[in-house]
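Note: the block below is model.cif and it holds mmCIF, C-alpha atoms.
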```
data_entry
#
loop_
_atom_site.group_PDB
_atom_site.id
_atom_site.type_symbol
_atom_site.label_atom_id
_atom_site.label_comp_id
_atom_site.auth_asym_id
_atom_site.auth_seq_id
_atom_site.Cartn_x
_atom_site.Cartn_y
_atom_site.Cartn_z
ATOM 1 C CA MET A 1 -99.977 -170.271 -17.206
ATOM 2 C CA LYS A 2 -103.450 -168.908 -17.902
ATOM 3 C CA THR A 3 -102.108 -167.125 -20.982
ATOM 4 C CA LEU A 4 -100.403 -170.287 -22.218
ATOM 5 C CA TYR A 5 -103.618 -172.276 -21.651
ATOM 6 C CA LEU A 6 -105.675 -169.799 -23.677
ATOM 7 C CA VAL A 7 -103.213 -169.910 -26.545
ATOM 8 C CA VAL A 8 -103.318 -173.725 -26.622
ATOM 9 C CA VAL A 9 -107.122 -173.735 -26.610
ATOM 10 C CA LEU A 10 -107.308 -171.180 -29.405
ATOM 11 C CA VAL A 11 -104.830 -173.082 -31.549
ATOM 12 C CA GLY A 12 -106.773 -176.280 -30.971
ATOM 13 C CA LEU A 13 -110.024 -174.652 -32.002
ATOM 14 C CA LEU A 14 -108.520 -173.137 -35.115
ATOM 15 C CA THR A 15 -106.826 -176.398 -36.073
ATOM 16 C CA PHE A 16 -109.441 -178.985 -35.240
ATOM 17 C CA GLY A 17 -112.692 -177.359 -34.213
ATOM 18 C CA CYS A 18 -113.445 -174.844 -36.955
ATOM 19 C CA LYS A 19 -114.732 -176.056 -40.277
ATOM 20 C CA SER A 20 -115.501 -173.818 -43.209
ATOM 21 C CA LYS A 21 -119.085 -173.108 -44.108
ATOM 22 C CA THR A 22 -118.702 -175.075 -47.308
ATOM 23 C CA GLU A 23 -117.798 -178.226 -45.393
ATOM 24 C CA TYR A 24 -121.131 -178.074 -43.617
ATOM 25 C CA ASN A 25 -123.067 -177.012 -46.687
ATOM 26 C CA ASP A 26 -124.540 -179.978 -48.571
ATOM 27 C CA GLN A 27 -126.159 -177.803 -51.253
ATOM 28 C CA PRO A 28 -124.658 -177.789 -54.753
ATOM 29 C CA LYS A 29 -122.102 -175.015 -55.102
ATOM 30 C CA SER A 30 -122.970 -172.066 -57.324
ATOM 31 C CA LYS A 31 -121.147 -171.966 -60.636
ATOM 32 C CA ASP A 32 -120.002 -169.192 -62.901
ATOM 33 C CA PRO A 33 -122.981 -167.910 -64.899
ATOM 34 C CA LEU A 34 -123.022 -168.557 -68.631
ATOM 35 C CA SER A 35 -122.869 -165.731 -71.133
ATOM 36 C CA ALA A 36 -126.139 -164.401 -72.528
ATOM 37 C CA GLN A 37 -125.183 -165.785 -75.945
ATOM 38 C CA ALA A 38 -124.728 -169.285 -74.513
ATOM 39 C CA LEU A 39 -128.080 -168.979 -72.739
ATOM 40 C CA ARG A 40 -129.794 -167.891 -75.953
ATOM 41 C CA GLU A 41 -128.385 -170.946 -77.714
ATOM 42 C CA LYS A 42 -129.915 -173.097 -74.968
ATOM 43 C CA LEU A 43 -133.240 -171.320 -75.326
ATOM 44 C CA LEU A 44 -133.221 -172.119 -79.036
ATOM 45 C CA SER A 45 -132.491 -175.814 -78.382
ATOM 46 C CA PRO A 46 -136.003 -177.196 -77.739
ATOM 47 C CA ASN A 47 -135.014 -180.803 -77.120
ATOM 48 C CA ALA A 48 -132.181 -180.131 -74.708
ATOM 49 C CA SER A 49 -132.578 -182.056 -71.455
ATOM 50 C CA GLU A 50 -131.324 -179.151 -69.340
ATOM 51 C CA VAL A 51 -134.200 -177.289 -67.692
ATOM 52 C CA LEU A 52 -134.018 -173.500 -67.898
ATOM 53 C CA ILE A 53 -134.975 -171.483 -64.803
ATOM 54 C CA ILE A 54 -136.884 -168.208 -64.974
ATOM 55 C CA ALA A 55 -136.989 -166.137 -61.775
ATOM 56 C CA HIS A 56 -140.377 -164.433 -61.380
ATOM 57 C CA ARG A 57 -139.829 -160.697 -60.681
ATOM 58 C CA GLY A 58 -136.229 -161.549 -59.852
ATOM 59 C CA ASP A 59 -134.978 -162.959 -56.564
ATOM 60 C CA TRP A 60 -137.745 -161.206 -54.625
ATOM 61 C CA ARG A 61 -137.327 -163.245 -51.443
ATOM 62 C CA ASN A 62 -133.933 -161.627 -50.878
ATOM 63 C CA ALA A 63 -134.400 -158.225 -52.532
ATOM 64 C CA PRO A 64 -137.392 -156.085 -53.520
ATOM 65 C CA GLU A 65 -139.210 -157.535 -56.517
ATOM 66 C CA ASN A 66 -138.208 -156.048 -59.881
ATOM 67 C CA SER A 67 -135.229 -154.277 -58.302
ATOM 68 C CA LEU A 68 -131.734 -154.173 -59.765
ATOM 69 C CA GLN A 69 -130.527 -156.213 -56.769
ATOM 70 C CA ALA A 70 -133.167 -158.866 -57.485
ATOM 71 C CA ILE A 71 -131.789 -159.162 -61.028
ATOM 72 C CA ALA A 72 -128.164 -159.188 -59.864
ATOM 73 C CA ASN A 73 -128.909 -161.957 -57.345
ATOM 74 C CA CYS A 74 -130.285 -164.126 -60.162
ATOM 75 C CA ILE A 75 -127.171 -163.559 -62.235
ATOM 76 C CA ASN A 76 -124.926 -164.460 -59.310
ATOM 77 C CA MET A 77 -126.744 -167.692 -58.517
ATOM 78 C CA GLY A 78 -126.717 -168.862 -62.151
ATOM 79 C CA VAL A 79 -130.385 -168.452 -63.131
ATOM 80 C CA ASP A 80 -131.004 -168.518 -66.895
ATOM 81 C CA MET A 81 -133.679 -165.846 -67.244
ATOM 82 C CA VAL A 82 -135.315 -163.157 -65.139
ATOM 83 C CA GLU A 83 -138.913 -162.037 -65.638
ATOM 84 C CA ILE A 84 -139.532 -158.322 -65.083
ATOM 85 C CA ASP A 85 -142.563 -156.070 -65.573
ATOM 86 C CA VAL A 86 -142.610 -152.916 -67.671
ATOM 87 C CA ARG A 87 -144.780 -149.832 -67.068
ATOM 88 C CA MET A 88 -144.827 -146.358 -68.625
ATOM 89 C CA THR A 89 -144.582 -143.086 -66.729
ATOM 90 C CA ARG A 90 -146.465 -139.851 -67.450
ATOM 91 C CA ASP A 91 -143.456 -138.600 -69.428
ATOM 92 C CA SER A 92 -143.294 -141.810 -71.527
ATOM 93 C CA GLN A 93 -140.348 -143.396 -69.737
ATOM 94 C CA LEU A 94 -140.273 -147.167 -69.196
ATOM 95 C CA VAL A 95 -139.780 -148.372 -65.636
ATOM 96 C CA ILE A 96 -139.770 -151.780 -63.965
ATOM 97 C CA ILE A 97 -142.666 -152.338 -61.580
ATOM 98 C CA HIS A 98 -145.349 -155.006 -61.521
ATOM 99 C CA ASP A 99 -148.486 -153.200 -60.399
ATOM 100 C CA ALA A 100 -150.228 -150.364 -62.183
ATOM 101 C CA THR A 101 -150.128 -148.555 -58.833
ATOM 102 C CA LEU A 102 -147.314 -147.727 -56.429
ATOM 103 C CA ASP A 103 -149.215 -148.707 -53.280
ATOM 104 C CA ARG A 104 -147.960 -152.248 -52.632
ATOM 105 C CA THR A 105 -144.292 -152.084 -53.640
ATOM 106 C CA THR A 106 -143.163 -148.508 -52.933
ATOM 107 C CA THR A 107 -143.267 -145.833 -50.243
ATOM 108 C CA ASP A 108 -146.000 -143.801 -51.944
ATOM 109 C CA LYS A 109 -149.384 -144.293 -53.621
ATOM 110 C CA GLY A 110 -151.020 -143.595 -56.944
ATOM 111 C CA LYS A 111 -150.872 -144.797 -60.533
ATOM 112 C CA VAL A 112 -147.470 -145.232 -62.150
ATOM 113 C CA ARG A 113 -148.726 -143.497 -65.293
ATOM 114 C CA ASP A 114 -149.541 -140.334 -63.291
ATOM 115 C CA TRP A 115 -145.938 -139.851 -62.132
ATOM 116 C CA THR A 116 -142.915 -138.577 -64.051
ATOM 117 C CA LEU A 117 -139.690 -140.545 -63.937
ATOM 118 C CA ASP A 118 -137.960 -137.898 -61.809
ATOM 119 C CA SER A 119 -140.725 -138.065 -59.215
ATOM 120 C CA LEU A 120 -140.717 -141.868 -59.158
ATOM 121 C CA LYS A 121 -136.977 -141.815 -58.515
ATOM 122 C CA THR A 122 -137.607 -140.118 -55.159
ATOM 123 C CA LEU A 123 -139.456 -143.206 -53.881
ATOM 124 C CA TYR A 124 -138.109 -146.360 -52.254
ATOM 125 C CA LEU A 125 -139.075 -149.947 -52.938
ATOM 126 C CA ARG A 126 -140.550 -152.148 -50.223
ATOM 127 C CA ASN A 127 -139.315 -155.675 -49.571
ATOM 128 C CA GLY A 128 -141.455 -158.811 -49.528
ATOM 129 C CA ALA A 129 -142.556 -158.071 -45.948
ATOM 130 C CA GLY A 130 -143.692 -154.582 -46.908
ATOM 131 C CA HIS A 131 -140.837 -152.682 -45.263
ATOM 132 C CA PRO A 132 -139.090 -149.781 -47.048
ATOM 133 C CA THR A 133 -135.580 -150.436 -48.360
ATOM 134 C CA HIS A 134 -132.836 -148.293 -49.903
ATOM 135 C CA HIS A 135 -133.650 -149.624 -53.396
ATOM 136 C CA ARG A 136 -135.261 -147.436 -56.069
ATOM 137 C CA ILE A 137 -137.595 -148.170 -58.985
ATOM 138 C CA PRO A 138 -135.337 -149.063 -61.945
ATOM 139 C CA THR A 139 -135.778 -147.885 -65.482
ATOM 140 C CA LEU A 140 -135.848 -150.466 -68.256
ATOM 141 C CA LYS A 141 -132.466 -149.146 -69.361
ATOM 142 C CA GLU A 142 -130.969 -149.685 -65.914
ATOM 143 C CA ALA A 143 -132.407 -153.192 -65.742
ATOM 144 C CA MET A 144 -131.051 -154.142 -69.166
ATOM 145 C CA LEU A 145 -127.596 -152.748 -68.367
ATOM 146 C CA THR A 146 -127.581 -154.862 -65.202
ATOM 147 C CA ALA A 147 -128.529 -157.926 -67.257
ATOM 148 C CA LYS A 148 -126.264 -157.149 -70.209
ATOM 149 C CA ASP A 149 -124.309 -160.186 -71.424
ATOM 150 C CA LYS A 150 -125.197 -162.128 -68.256
ATOM 151 C CA ILE A 151 -128.805 -163.344 -68.256
ATOM 152 C CA LEU A 152 -131.860 -163.595 -70.507
ATOM 153 C CA VAL A 153 -134.802 -161.307 -69.773
ATOM 154 C CA ASN A 154 -138.520 -161.918 -70.187
ATOM 155 C CA LEU A 155 -140.327 -158.580 -70.518
ATOM 156 C CA ASP A 156 -143.854 -158.867 -69.172
ATOM 157 C CA LYS A 157 -146.628 -156.267 -69.545
ATOM 158 C CA CYS A 158 -144.567 -154.757 -72.357
ATOM 159 C CA TYR A 159 -146.423 -155.731 -75.536
ATOM 160 C CA GLU A 160 -148.093 -152.349 -76.029
ATOM 161 C CA TYR A 161 -144.856 -150.476 -75.274
ATOM 162 C CA PHE A 162 -142.508 -152.636 -77.281
ATOM 163 C CA ASP A 163 -141.654 -150.033 -79.921
ATOM 164 C CA LEU A 164 -140.242 -147.850 -77.129
ATOM 165 C CA ALA A 165 -138.690 -150.820 -75.358
ATOM 166 C CA TYR A 166 -136.913 -151.912 -78.528
ATOM 167 C CA LYS A 167 -135.139 -148.552 -78.708
ATOM 168 C CA VAL A 168 -133.844 -149.157 -75.184
ATOM 169 C CA LEU A 169 -132.685 -152.647 -76.152
ATOM 170 C CA GLN A 170 -130.843 -151.245 -79.149
ATOM 171 C CA GLU A 171 -129.247 -148.524 -77.047
ATOM 172 C CA THR A 172 -128.051 -151.020 -74.447
ATOM 173 C CA GLY A 173 -127.038 -153.711 -76.956
ATOM 174 C CA THR A 174 -129.377 -156.285 -75.429
ATOM 175 C CA THR A 175 -131.829 -157.126 -78.225
ATOM 176 C CA ASP A 176 -130.587 -160.733 -78.296
ATOM 177 C CA GLN A 177 -131.284 -161.261 -74.576
ATOM 178 C CA VAL A 178 -135.021 -160.604 -74.525
ATOM 179 C CA VAL A 179 -138.086 -162.820 -74.834
ATOM 180 C CA MET A 180 -141.518 -161.271 -75.324
ATOM 181 C CA LYS A 181 -144.823 -163.016 -74.625
ATOM 182 C CA GLY A 182 -148.567 -162.559 -74.881
ATOM 183 C CA LYS A 183 -152.010 -164.084 -75.268
ATOM 184 C CA VAL A 184 -152.629 -162.905 -78.820
ATOM 185 C CA PRO A 185 -153.457 -164.679 -82.105
ATOM 186 C CA VAL A 186 -150.535 -165.519 -84.344
ATOM 187 C CA LYS A 187 -151.827 -163.246 -87.124
ATOM 188 C CA GLU A 188 -151.793 -160.276 -84.771
ATOM 189 C CA VAL A 189 -148.239 -161.079 -83.715
ATOM 190 C CA GLN A 190 -147.154 -161.233 -87.337
ATOM 191 C CA GLU A 191 -148.771 -157.876 -88.070
ATOM 192 C CA SER A 192 -147.766 -155.904 -84.974
ATOM 193 C CA PHE A 193 -144.564 -157.656 -83.882
ATOM 194 C CA GLY A 194 -143.305 -159.250 -87.084
ATOM 195 C CA GLN A 195 -140.499 -156.758 -87.692
ATOM 196 C CA TYR A 196 -138.843 -157.860 -84.445
ATOM 197 C CA LEU A 197 -139.213 -161.636 -84.720
ATOM 198 C CA ASP A 198 -135.779 -162.230 -86.253
ATOM 199 C CA GLU A 199 -134.123 -160.717 -83.181
ATOM 200 C CA VAL A 200 -136.600 -161.063 -80.321
ATOM 201 C CA PRO A 201 -138.344 -164.412 -79.810
ATOM 202 C CA PHE A 202 -142.078 -164.177 -79.156
ATOM 203 C CA MET A 203 -143.514 -166.735 -76.736
ATOM 204 C CA PRO A 204 -147.267 -167.391 -76.940
ATOM 205 C CA ILE A 205 -149.184 -167.943 -73.704
ATOM 206 C CA VAL A 206 -151.719 -170.731 -74.164
ATOM 207 C CA ASP A 207 -154.237 -172.025 -71.632
ATOM 208 C CA LEU A 208 -154.510 -175.761 -72.215
ATOM 209 C CA GLU A 209 -158.093 -175.672 -70.974
ATOM 210 C CA TRP A 210 -159.108 -173.710 -74.086
ATOM 211 C CA ALA A 211 -161.026 -175.852 -76.559
ATOM 212 C CA ASP A 212 -158.813 -174.624 -79.408
ATOM 213 C CA ALA A 213 -155.475 -174.946 -77.599
ATOM 214 C CA ASP A 214 -154.205 -177.521 -80.103
ATOM 215 C CA GLU A 215 -155.092 -175.306 -83.047
ATOM 216 C CA ILE A 216 -153.386 -172.268 -81.510
ATOM 217 C CA ILE A 217 -150.177 -174.187 -80.817
ATOM 218 C CA SER A 218 -150.181 -175.732 -84.287
ATOM 219 C CA ALA A 219 -150.738 -172.374 -85.994
ATOM 220 C CA TYR A 220 -147.892 -170.767 -84.076
ATOM 221 C CA GLN A 221 -145.471 -173.578 -84.806
ATOM 222 C CA LYS A 222 -146.376 -173.478 -88.482
ATOM 223 C CA GLU A 223 -146.240 -169.694 -88.878
ATOM 224 C CA ILE A 224 -143.468 -168.307 -86.638
ATOM 225 C CA HIS A 225 -141.781 -171.303 -84.955
ATOM 226 C CA PRO A 226 -141.731 -169.855 -81.400
ATOM 227 C CA ALA A 227 -138.757 -170.648 -79.189
ATOM 228 C CA ALA A 228 -141.152 -171.657 -76.400
ATOM 229 C CA PHE A 229 -144.764 -171.813 -75.300
ATOM 230 C CA GLU A 230 -145.903 -170.690 -71.863
ATOM 231 C CA LEU A 231 -148.579 -173.252 -71.043
ATOM 232 C CA LEU A 232 -151.220 -172.895 -68.322
ATOM 233 C CA PHE A 233 -153.457 -175.671 -67.004
ATOM 234 C CA SER A 234 -155.831 -176.182 -64.100
ATOM 235 C CA ASN A 235 -156.360 -179.926 -64.528
ATOM 236 C CA ALA A 236 -153.439 -182.330 -64.199
ATOM 237 C CA ASP A 237 -155.394 -184.978 -66.130
ATOM 238 C CA ASN A 238 -155.736 -182.743 -69.182
ATOM 239 C CA PRO A 239 -154.573 -184.857 -72.162
ATOM 240 C CA GLU A 240 -152.706 -181.830 -73.517
ATOM 241 C CA LEU A 241 -150.018 -182.485 -70.893
ATOM 242 C CA GLU A 242 -149.118 -185.638 -72.783
ATOM 243 C CA LYS A 243 -148.223 -183.567 -75.865
ATOM 244 C CA PHE A 244 -145.326 -181.595 -74.391
ATOM 245 C CA TYR A 245 -142.674 -183.771 -76.041
ATOM 246 C CA GLU A 246 -144.470 -183.385 -79.363
ATOM 247 C CA ILE A 247 -144.321 -179.593 -78.974
ATOM 248 C CA ARG A 248 -140.597 -179.874 -78.337
ATOM 249 C CA LYS A 249 -140.142 -182.181 -81.309
ATOM 250 C CA ASN A 250 -141.815 -179.553 -83.464
ATOM 251 C CA GLY A 251 -139.309 -176.921 -82.388
ATOM 252 C CA SER A 252 -140.410 -175.165 -79.188
ATOM 253 C CA ARG A 253 -139.479 -175.424 -75.546
ATOM 254 C CA VAL A 254 -142.216 -175.961 -72.954
ATOM 255 C CA TRP A 255 -142.486 -173.341 -70.191
ATOM 256 C CA VAL A 256 -144.680 -173.920 -67.124
ATOM 257 C CA ASN A 257 -145.156 -171.590 -64.146
ATOM 258 C CA THR A 258 -144.882 -173.020 -60.633
ATOM 259 C CA LEU A 259 -145.902 -169.739 -59.012
ATOM 260 C CA TRP A 260 -149.399 -170.530 -57.683
ATOM 261 C CA GLU A 261 -151.892 -173.323 -58.176
ATOM 262 C CA SER A 262 -154.265 -171.698 -60.693
ATOM 263 C CA LEU A 263 -151.450 -171.760 -63.253
ATOM 264 C CA ASN A 264 -150.457 -175.398 -62.816
ATOM 265 C CA ALA A 265 -153.188 -177.525 -61.169
ATOM 266 C CA GLY A 266 -151.414 -177.250 -57.824
ATOM 267 C CA TYR A 267 -147.923 -178.211 -59.000
ATOM 268 C CA GLU A 268 -146.416 -175.114 -57.380
ATOM 269 C CA ASP A 269 -143.305 -173.970 -55.552
ATOM 270 C CA ASP A 270 -144.580 -173.994 -51.979
ATOM 271 C CA MET A 271 -145.685 -177.615 -52.345
ATOM 272 C CA ALA A 272 -142.277 -178.448 -53.844
ATOM 273 C CA VAL A 273 -140.495 -177.433 -50.636
ATOM 274 C CA GLU A 274 -141.643 -180.641 -48.951
ATOM 275 C CA ASN A 275 -141.257 -182.974 -51.929
ATOM 276 C CA PRO A 276 -139.653 -181.444 -55.045
ATOM 277 C CA ASP A 277 -139.788 -184.726 -56.964
ATOM 278 C CA SER A 278 -143.579 -184.736 -56.737
ATOM 279 C CA ILE A 279 -143.796 -181.218 -58.200
ATOM 280 C CA TYR A 280 -140.772 -180.368 -60.332
ATOM 281 C CA GLY A 281 -140.115 -184.031 -61.065
ATOM 282 C CA PHE A 282 -143.684 -184.524 -62.290
ATOM 283 C CA LEU A 283 -143.457 -181.555 -64.666
ATOM 284 C CA ILE A 284 -140.053 -182.551 -66.025
ATOM 285 C CA GLU A 285 -141.290 -186.093 -66.646
ATOM 286 C CA LYS A 286 -144.133 -184.635 -68.727
ATOM 287 C CA GLY A 287 -141.592 -182.795 -70.879
ATOM 288 C CA VAL A 288 -141.375 -179.343 -69.293
ATOM 289 C CA ASN A 289 -137.932 -177.836 -69.846
ATOM 290 C CA MET A 290 -138.502 -174.235 -68.729
ATOM 291 C CA ILE A 291 -139.868 -173.407 -65.260
ATOM 292 C CA GLN A 292 -140.775 -169.958 -63.995
ATOM 293 C CA THR A 293 -140.438 -170.005 -60.227
ATOM 294 C CA ASP A 294 -140.722 -167.900 -57.088
ATOM 295 C CA ARG A 295 -137.984 -170.057 -55.502
ATOM 296 C CA PRO A 296 -135.092 -169.852 -57.986
ATOM 297 C CA GLU A 297 -132.311 -170.952 -55.633
ATOM 298 C CA PHE A 298 -134.296 -173.934 -54.355
ATOM 299 C CA LEU A 299 -135.190 -175.038 -57.889
ATOM 300 C CA LEU A 300 -131.624 -174.500 -59.083
ATOM 301 C CA ASN A 301 -130.220 -176.731 -56.341
ATOM 302 C CA TYR A 302 -132.832 -179.385 -57.113
ATOM 303 C CA LEU A 303 -132.046 -179.411 -60.836
ATOM 304 C CA ARG A 304 -128.315 -179.546 -60.227
ATOM 305 C CA SER A 305 -128.764 -182.499 -57.883
ATOM 306 C CA LYS A 306 -130.511 -184.290 -60.769
ATOM 307 C CA GLY A 307 -127.934 -183.337 -63.404
ATOM 308 C CA LEU A 308 -130.500 -181.133 -65.172
ATOM 309 C CA HIS A 309 -128.687 -177.807 -64.859
ATOM 310 C CA ASN A 310 -125.058 -176.801 -65.274
#
```

Now that the file is in, can you turn its structure into structure tokens?
Amino acid sequence: MKTLYLVVVLVGLLTFGCKSKTEYNDQPKSKDPLSAQALREKLLSPNASEVLIIAHRGDWRNAPENSLQAIANCINMGVDMVEIDVRMTRDSQLVIIHDATLDRTTTDKGKVRDWTLDSLKTLYLRNGAGHPTHHRIPTLKEAMLTAKDKILVNLDKCYEYFDLAYKVLQETGTTDQVVMKGKVPVKEVQESFGQYLDEVPFMPIVDLEWADADEIISAYQKEIHPAAFELLFSNADNPELEKFYEIRKNGSRVWVNTLWESLNAGYEDDMAVENPDSIYGFLIEKGVNMIQTDRPEFLLNYLRSKGLHN
């Protein structure tokens, strides 16, 4: 009798008492990621209503920053672009690590430029809490092969190495997936980067608090028609914020960082956790249609709930 009772209870639980995780999950379901070509077409559509998401250093809350796993996580969740940081080793190899030193993100110390690639490959990356993991420092080639045909890539800290980086992009067949950026005058970009502009979009970084911000934006849009501007501001009442739709009308997307308050007058990710409409909603209303975030999954779910992401 006891055996029969247990069987009945188990059947009842399986039939009536157990619901799948998805039935309890009220978050939007993840969707198949778009191809890199489709994402590039979106990037080059400045007036599209869909907001593109850029994951800062990858999905670093769930994997070490700038790791291959952090990139793969972004691909799997359907993020549009991943931002990664490029450094050069002593033997002129390009690796992905944010800091000039190893101290914060790896299991050793010292300057990246003082180590050879082989020696760096003996180290392990630390996670966001500072604990060692099994992940290694990736090369640029490894990162681009992970991203190949699946996600756009913003190469940061790479301007001075771009000749070398471009060879890696050619080798991996990923030249059409990369966006470069920098705080440099348009004439300098034309002189030092001009040979790449047909393949690799250059995105100017402009601080809207600069007195000549308007002139810089106008010169760029006249001379090289950038796919996007990365715009910084420390004052939400700055009248330049009212010109975002004009920038889009003139052919460029508007990228804003929600990473920390000095970049966005306090309209940042951690504040968005409590009230995303007051942060992301405010920026989107102003005309922002690219957001670099430290909370890619949270932002993605928010945008999908508003019909602003596929």

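If you look at CA of Thr106 (chain A) and CA of Tyr124 (chain A), they are 5.5 Å away from each other.
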
With the file shown as input, list the residues that the PyMOL selection byres ((chain A and resi 214-231) around 6) selects, as an mmCIF file with C-alpha atoms, in the coordinates of the input.
```
data_model
loop_
_atom_site.group_PDB
_atom_site.id
_atom_site.type_symbol
_atom_site.label_atom_id
_atom_site.label_comp_id
_atom_site.auth_asym_id
_atom_site.auth_seq_id
_atom_site.Cartn_x
_atom_site.Cartn_y
_atom_site.Cartn_z
ATOM 1 C CA LEU A 44 -133.221 -172.119 -79.036
ATOM 2 C CA VAL A 186 -150.535 -165.519 -84.344
ATOM 3 C CA MET A 203 -143.514 -166.735 -76.736
ATOM 4 C CA PRO A 204 -147.267 -167.391 -76.940
ATOM 5 C CA ILE A 205 -149.184 -167.943 -73.704
ATOM 6 C CA VAL A 206 -151.719 -170.731 -74.164
ATOM 7 C CA ASP A 207 -154.237 -172.025 -71.632
ATOM 8 C CA ASP A 212 -158.813 -174.624 -79.408
ATOM 9 C CA ALA A 213 -155.475 -174.946 -77.599
ATOM 10 C CA LEU A 232 -151.220 -172.895 -68.322
ATOM 11 C CA SER A 252 -140.410 -175.165 -79.188
ATOM 12 C CA ARG A 253 -139.479 -175.424 -75.546
ATOM 13 C CA VAL A 254 -142.216 -175.961 -72.954
ATOM 14 C CA TRP A 255 -142.486 -173.341 -70.191
ATOM 15 C CA VAL A 256 -144.680 -173.920 -67.124
#
```

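What the PyMOL selection byres ((chain A and resi 259-275) around 7) picks from this file is A:Leu232, A:Phe233, A:Ser234, A:Asn235, A:Ala236, A:Asn257, A:Thr258, A:Pro276, A:Asp277, A:Ser278, A:Ile279, A:Tyr280, A:Thr293, A:Asp294, A:Arg295.
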
Written file, previous selection with C-alpha atoms, as a PDB file, in the frame of the given file:
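Written out: selection-v5.pdb:
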```
ATOM      1  CA  LEU A 232    -151.220-172.895 -68.322  1.00  0.00           C
ATOM      2  CA  PHE A 233    -153.457-175.671 -67.004  1.00  0.00           C
ATOM      3  CA  SER A 234    -155.831-176.182 -64.100  1.00  0.00           C
ATOM      4  CA  ASN A 235    -156.360-179.926 -64.528  1.00  0.00           C
ATOM      5  CA  ALA A 236    -153.439-182.330 -64.199  1.00  0.00           C
ATOM      6  CA  ASN A 257    -145.156-171.590 -64.146  1.00  0.00           C
ATOM      7  CA  THR A 258    -144.882-173.020 -60.633  1.00  0.00           C
ATOM      8  CA  PRO A 276    -139.653-181.444 -55.045  1.00  0.00           C
ATOM      9  CA  ASP A 277    -139.788-184.726 -56.964  1.00  0.00           C
ATOM     10  CA  SER A 278    -143.579-184.736 -56.737  1.00  0.00           C
ATOM     11  CA  ILE A 279    -143.796-181.218 -58.200  1.00  0.00           C
ATOM     12  CA  TYR A 280    -140.772-180.368 -60.332  1.00  0.00           C
ATOM     13  CA  THR A 293    -140.438-170.005 -60.227  1.00  0.00           C
ATOM     14  CA  ASP A 294    -140.722-167.900 -57.088  1.00  0.00           C
ATOM     15  CA  ARG A 295    -137.984-170.057 -55.502  1.00  0.00           C
TER      16      ARG A 295
END
```

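Picture a line from CA of Lys42 (chain A) to CA of Leu94 (chain A); it runs 28.5 Å.
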
I'd like the residues picked by the PyMOL selection byres ((chain A and resi 168-172) around 8) written out as number ranges by chain, using the chain letters and numbers from the file.
A: 140-141, 144-145, 148, 164-167, 173-175

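Each of A:Gln93, A:Ser192, A:Gln177, A:Asn154 was checked against His56 (chain A) using all atoms listed in the file; the smallest atom-to-atom distance is that of A:Asn154.
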
Distance in Å - CA of Ser305 (chain A) versus CA of Ile284 (chain A)
13.9 Å

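Comparing the minimum interatomic distances between Asp80 (chain A) and each of A:Leu117, A:Leu300, A:Ile97, A:Leu197, counting only C-alpha atoms, we find that A:Leu300 sits nearest.
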
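Neighbouring residues of Thr101 (chain A) at 8 Å or closer, counting all atoms listed in the file and skipping chain neighbours under 5 positions away, are A:Lys109, A:Gly110, A:Lys111, A:Val112.
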
Any chance you can output those residues with C-alpha atoms as a JSON list (two decimals), in the coordinates of the input?
```
[["chain", "number", "residue", "atom", "x", "y", "z"],
["A", 109, "LYS", "CA", -149.38, -144.29, -53.62],
["A", 110, "GLY", "CA", -151.02, -143.60, -56.94],
["A", 111, "LYS", "CA", -150.87, -144.80, -60.53],
["A", 112, "VAL", "CA", -147.47, -145.23, -62.15]]
```

Residues within 9 Å of Asp176 (chain A), all atoms listed in the file, excluding chain neighbours under 4 positions, as a list in words:
Ala36, Gln37, Arg40, Leu152, Leu169, Glu199, Val200 and Pro201 of chain A

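The protein and nucleic acid residues lying at most 10 Å from Glu50 (chain A) are Lys42, Ser45, Pro46, Asn47, Ala48, Leu52, Ile53, Ile284, Asn289, Met290, Leu303, Arg304, Gly307, Leu308, His309 and Asn310 of chain A, with only C-alpha atoms considered and sequence neighbours fewer than 2 positions away removed.
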
Asn73 (chain A) environment, 12 Å, only C-alpha atoms, sequence neighbours closer than 2 positions dropped, as number ranges by chain
A: 30, 33, 55, 57-71, 75-82, 146-147, 150-151, 296-297

Identify which of the residues A:Tyr302, A:Gly182, A:Ser49, A:Ile137 lies closest to Tyr245 (chain A), counting only C-alpha atoms when measuring atom-to-atom distances.
A:Ser49

Residue list as an mmCIF file with C-alpha atoms, in the frame of the given file for point (-152.8, -178.8, -73.3), cut-off 6 Å, all atoms listed in the file:
```cif
data_model
loop_
_atom_site.group_PDB
_atom_site.id
_atom_site.type_symbol
_atom_site.label_atom_id
_atom_site.label_comp_id
_atom_site.auth_asym_id
_atom_site.auth_seq_id
_atom_site.Cartn_x
_atom_site.Cartn_y
_atom_site.Cartn_z
ATOM 1 C CA LEU A 208 -154.510 -175.761 -72.215
ATOM 2 C CA GLU A 240 -152.706 -181.830 -73.517
ATOM 3 C CA LEU A 241 -150.018 -182.485 -70.893
#
```
